[in-house]
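**Q** Please find one structure pasted underneath; my questions will follow.
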Amino acid sequence: MTSPTDDRSPKLPRGWLRATIVSTIALAFVGAAAGFIAFLSQLRGAEMVPDRKADGIVVLTGGSSRVSDAMELLAAGYGRRLLISGVHPTSTASDISRTLPENQSFMTCCVDLDRTALSTRGNAAEARRWSHERRFTSLIVVTSNYHMPRALVEFSHAMPQTTLIPFAVVGDKWREEPWWTSGSTLRLLLSEYVKYIAAELRVRLEDFGIDLSPEMSEQPAGQQPRRPATAQAN
């Protein structure tokens, strides 16, 4: 008869659970660090003109000089029309043209304003509608260099048949000092990396029919999509 104190069942080595937790955390940290390095490798350190023209140009608001750079591309003939996506509801074409006096003529002929998009996913949805209405098959996407990877994830998912040509805008601060010497820039990059991973995960799940976060800017089924406000009626 076995006594109550005679427990012959095998026991795991002391500290095994702690070692497993530490190893898991370490592997997760290494994986996140490697992913962050891969994310940084996608960021351009200098602006490069597109190697070809496109049907249209889409610029995502939110960063300095994005709109002015997109207007310069339009003026240079890199696209036939420009969509400025994510414009504040109270902003008008004249408000934008005042900040770009050298390109005012293009505001009245070739620029459309989207005031609906509230996120990068919304930008992609509105750009899809805009390009579909005009039967555009190629777009130059203009946004900040740190935002470009996530923008391309969203745009590629929203319009897989459209050729996307990135034009990454590089801010003055990025040029003037290394990102690792600026706490604010490092926080921005880490935040954008997390959003990029979340976007990648979401679109992969959507490929399997799982939509965890329906885009608020999407129109209900059966409802006609709203046209973006335009600088001049088309």
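Simple scheme: letters A, B, ... for chains in structure tokens order, numbers from 1 for residues in each chain, numbers from 1 for ligands in the order shown.
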As a PyMOL selection string, which residues of segment 57-94 of chain A does DSSP assign to strand (DSSP E or B)?
**A** chain A and resi 57-60+81-85
**Q** Filtering to N, CA, C and O atoms, could you give me those residues as a PDB file, in the first residue's frame?
**A**
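Result saved to out01.pdb:
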ATOM      1  N   ILE A  57      -3.464  59.977 -59.703  1.00  0.00           N
ATOM      2  CA  ILE A  57      -2.606  60.155 -58.529  1.00  0.00           C
ATOM      3  C   ILE A  57      -3.513  60.283 -57.316  1.00  0.00           C
ATOM      4  O   ILE A  57      -4.521  60.986 -57.357  1.00  0.00           O
ATOM      5  N   VAL A  58      -3.168  59.598 -56.242  1.00  0.00           N
ATOM      6  CA  VAL A  58      -3.913  59.702 -54.984  1.00  0.00           C
ATOM      7  C   VAL A  58      -2.945  60.118 -53.892  1.00  0.00           C
ATOM      8  O   VAL A  58      -1.899  59.486 -53.711  1.00  0.00           O
ATOM      9  N   VAL A  59      -3.283  61.179 -53.171  1.00  0.00           N
ATOM     10  CA  VAL A  59      -2.456  61.617 -52.049  1.00  0.00           C
ATOM     11  C   VAL A  59      -3.270  61.511 -50.772  1.00  0.00           C
ATOM     12  O   VAL A  59      -4.445  61.894 -50.723  1.00  0.00           O
ATOM     13  N   LEU A  60      -2.662  60.965 -49.738  1.00  0.00           N
ATOM     14  CA  LEU A  60      -3.307  60.793 -48.450  1.00  0.00           C
ATOM     15  C   LEU A  60      -2.898  61.956 -47.549  1.00  0.00           C
ATOM     16  O   LEU A  60      -1.704  62.178 -47.324  1.00  0.00           O
ATOM     17  N   ARG A  81      -5.465  62.937 -63.381  1.00  0.00           N
ATOM     18  CA  ARG A  81      -6.244  63.578 -62.318  1.00  0.00           C
ATOM     19  C   ARG A  81      -5.620  63.228 -60.979  1.00  0.00           C
ATOM     20  O   ARG A  81      -4.886  62.238 -60.844  1.00  0.00           O
ATOM     21  N   LEU A  82      -5.961  64.048 -59.979  1.00  0.00           N
ATOM     22  CA  LEU A  82      -5.446  63.858 -58.622  1.00  0.00           C
ATOM     23  C   LEU A  82      -6.606  63.785 -57.645  1.00  0.00           C
ATOM     24  O   LEU A  82      -7.510  64.625 -57.684  1.00  0.00           O
ATOM     25  N   LEU A  83      -6.580  62.787 -56.774  1.00  0.00           N
ATOM     26  CA  LEU A  83      -7.533  62.690 -55.666  1.00  0.00           C
ATOM     27  C   LEU A  83      -6.805  63.020 -54.375  1.00  0.00           C
ATOM     28  O   LEU A  83      -5.817  62.363 -54.029  1.00  0.00           O
ATOM     29  N   ILE A  84      -7.292  64.036 -53.660  1.00  0.00           N
ATOM     30  CA  ILE A  84      -6.771  64.351 -52.327  1.00  0.00           C
ATOM     31  C   ILE A  84      -7.722  63.701 -51.340  1.00  0.00           C
ATOM     32  O   ILE A  84      -8.862  64.152 -51.166  1.00  0.00           O
ATOM     33  N   SER A  85      -7.287  62.625 -50.704  1.00  0.00           N
ATOM     34  CA  SER A  85      -8.158  61.818 -49.851  1.00  0.00           C
ATOM     35  C   SER A  85      -7.950  62.133 -48.373  1.00  0.00           C
ATOM     36  O   SER A  85      -6.823  62.221 -47.896  1.00  0.00           O
TER      37      SER A  85
END
**Q** Set out as JSON lines a contact list for segment 74-136 of chain A and segment 144-159 of chain A with a cut-off of 12 Å, giving each residue of segment 74-136 of chain A that qualifies its closest atom pair and distance in Å to one decimal, counting only C-alpha atoms, ordered by chain and rising residue number.
**A**
{"residue": "A:Ser119", "atom": "CA", "partner": "A:Ala151", "partner_atom": "CA", "distance": 10.0}
{"residue": "A:Thr120", "atom": "CA", "partner": "A:Ala151", "partner_atom": "CA", "distance": 6.3}
{"residue": "A:Arg121", "atom": "CA", "partner": "A:Glu154", "partner_atom": "CA", "distance": 5.7}
{"residue": "A:Gly122", "atom": "CA", "partner": "A:Glu154", "partner_atom": "CA", "distance": 8.9}
{"residue": "A:Asn123", "atom": "CA", "partner": "A:Phe155", "partner_atom": "CA", "distance": 8.2}
{"residue": "A:Ala124", "atom": "CA", "partner": "A:Phe155", "partner_atom": "CA", "distance": 4.9}
{"residue": "A:Ala125", "atom": "CA", "partner": "A:Ala158", "partner_atom": "CA", "distance": 6.3}
{"residue": "A:Glu126", "atom": "CA", "partner": "A:Ala158", "partner_atom": "CA", "distance": 9.6}
{"residue": "A:Ala127", "atom": "CA", "partner": "A:Phe155", "partner_atom": "CA", "distance": 8.2}
{"residue": "A:Arg128", "atom": "CA", "partner": "A:Met159", "partner_atom": "CA", "distance": 6.2}
{"residue": "A:Arg129", "atom": "CA", "partner": "A:Met159", "partner_atom": "CA", "distance": 9.6}
{"residue": "A:Trp130", "atom": "CA", "partner": "A:Met159", "partner_atom": "CA", "distance": 11.3}
{"residue": "A:Ser131", "atom": "CA", "partner": "A:Met159", "partner_atom": "CA", "distance": 9.5}
{"residue": "A:His132", "atom": "CA", "partner": "A:Met159", "partner_atom": "CA", "distance": 9.4}
{"residue": "A:Phe136", "atom": "CA", "partner": "A:Met159", "partner_atom": "CA", "distance": 11.0}
**Q** Counting only C-alpha atoms, which residue out of A:Pro166, A:Gly63, A:Gly15, A:Gly31 sits closest to Val87 of chain A?
**A** A:Gly63
**Q** Mind pulling up the distance from atom CA of Leu164 of chain A to atom CA of Tyr193 of chain A?
**A**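 Result for atom CA of Tyr193 of chain A versus atom CA of Leu164 of chain A: 21.0 Å, one decimal.
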**Q** Let's see if you can do this: from backbone DSSP, list all alpha helix (DSSP H) residues in segment 23-219 of chain A, as a VMD selection string.
**A** chain A and resid 23 to 41 66 to 75 93 to 99 104 to 107 120 to 133 148 to 158 172 to 176 183 to 207
**Q** Determine the nearest neighbour of Glu176 of chain A from the options A:Ala46, A:Val142, A:Leu40, A:Leu190, counting only C-alpha atoms.
**A** A:Ala46
**Q** Rounded to one decimal, what separation in Å do you get between atom CA of Leu73 of chain A and atom CA of Trp179 of chain A?
**A**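 Atom-to-atom, atom CA of Leu73 of chain A and atom CA of Trp179 of chain A are spaced 27.1 Å apart.
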**Q** Measure the distance from atom CA of Asp55 of chain A to atom CA of Arg135 of chain A in Å and round it to one decimal.
**A**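 About the pair atom CA of Asp55 of chain A and atom CA of Arg135 of chain A: they are 8.8 Å apart.
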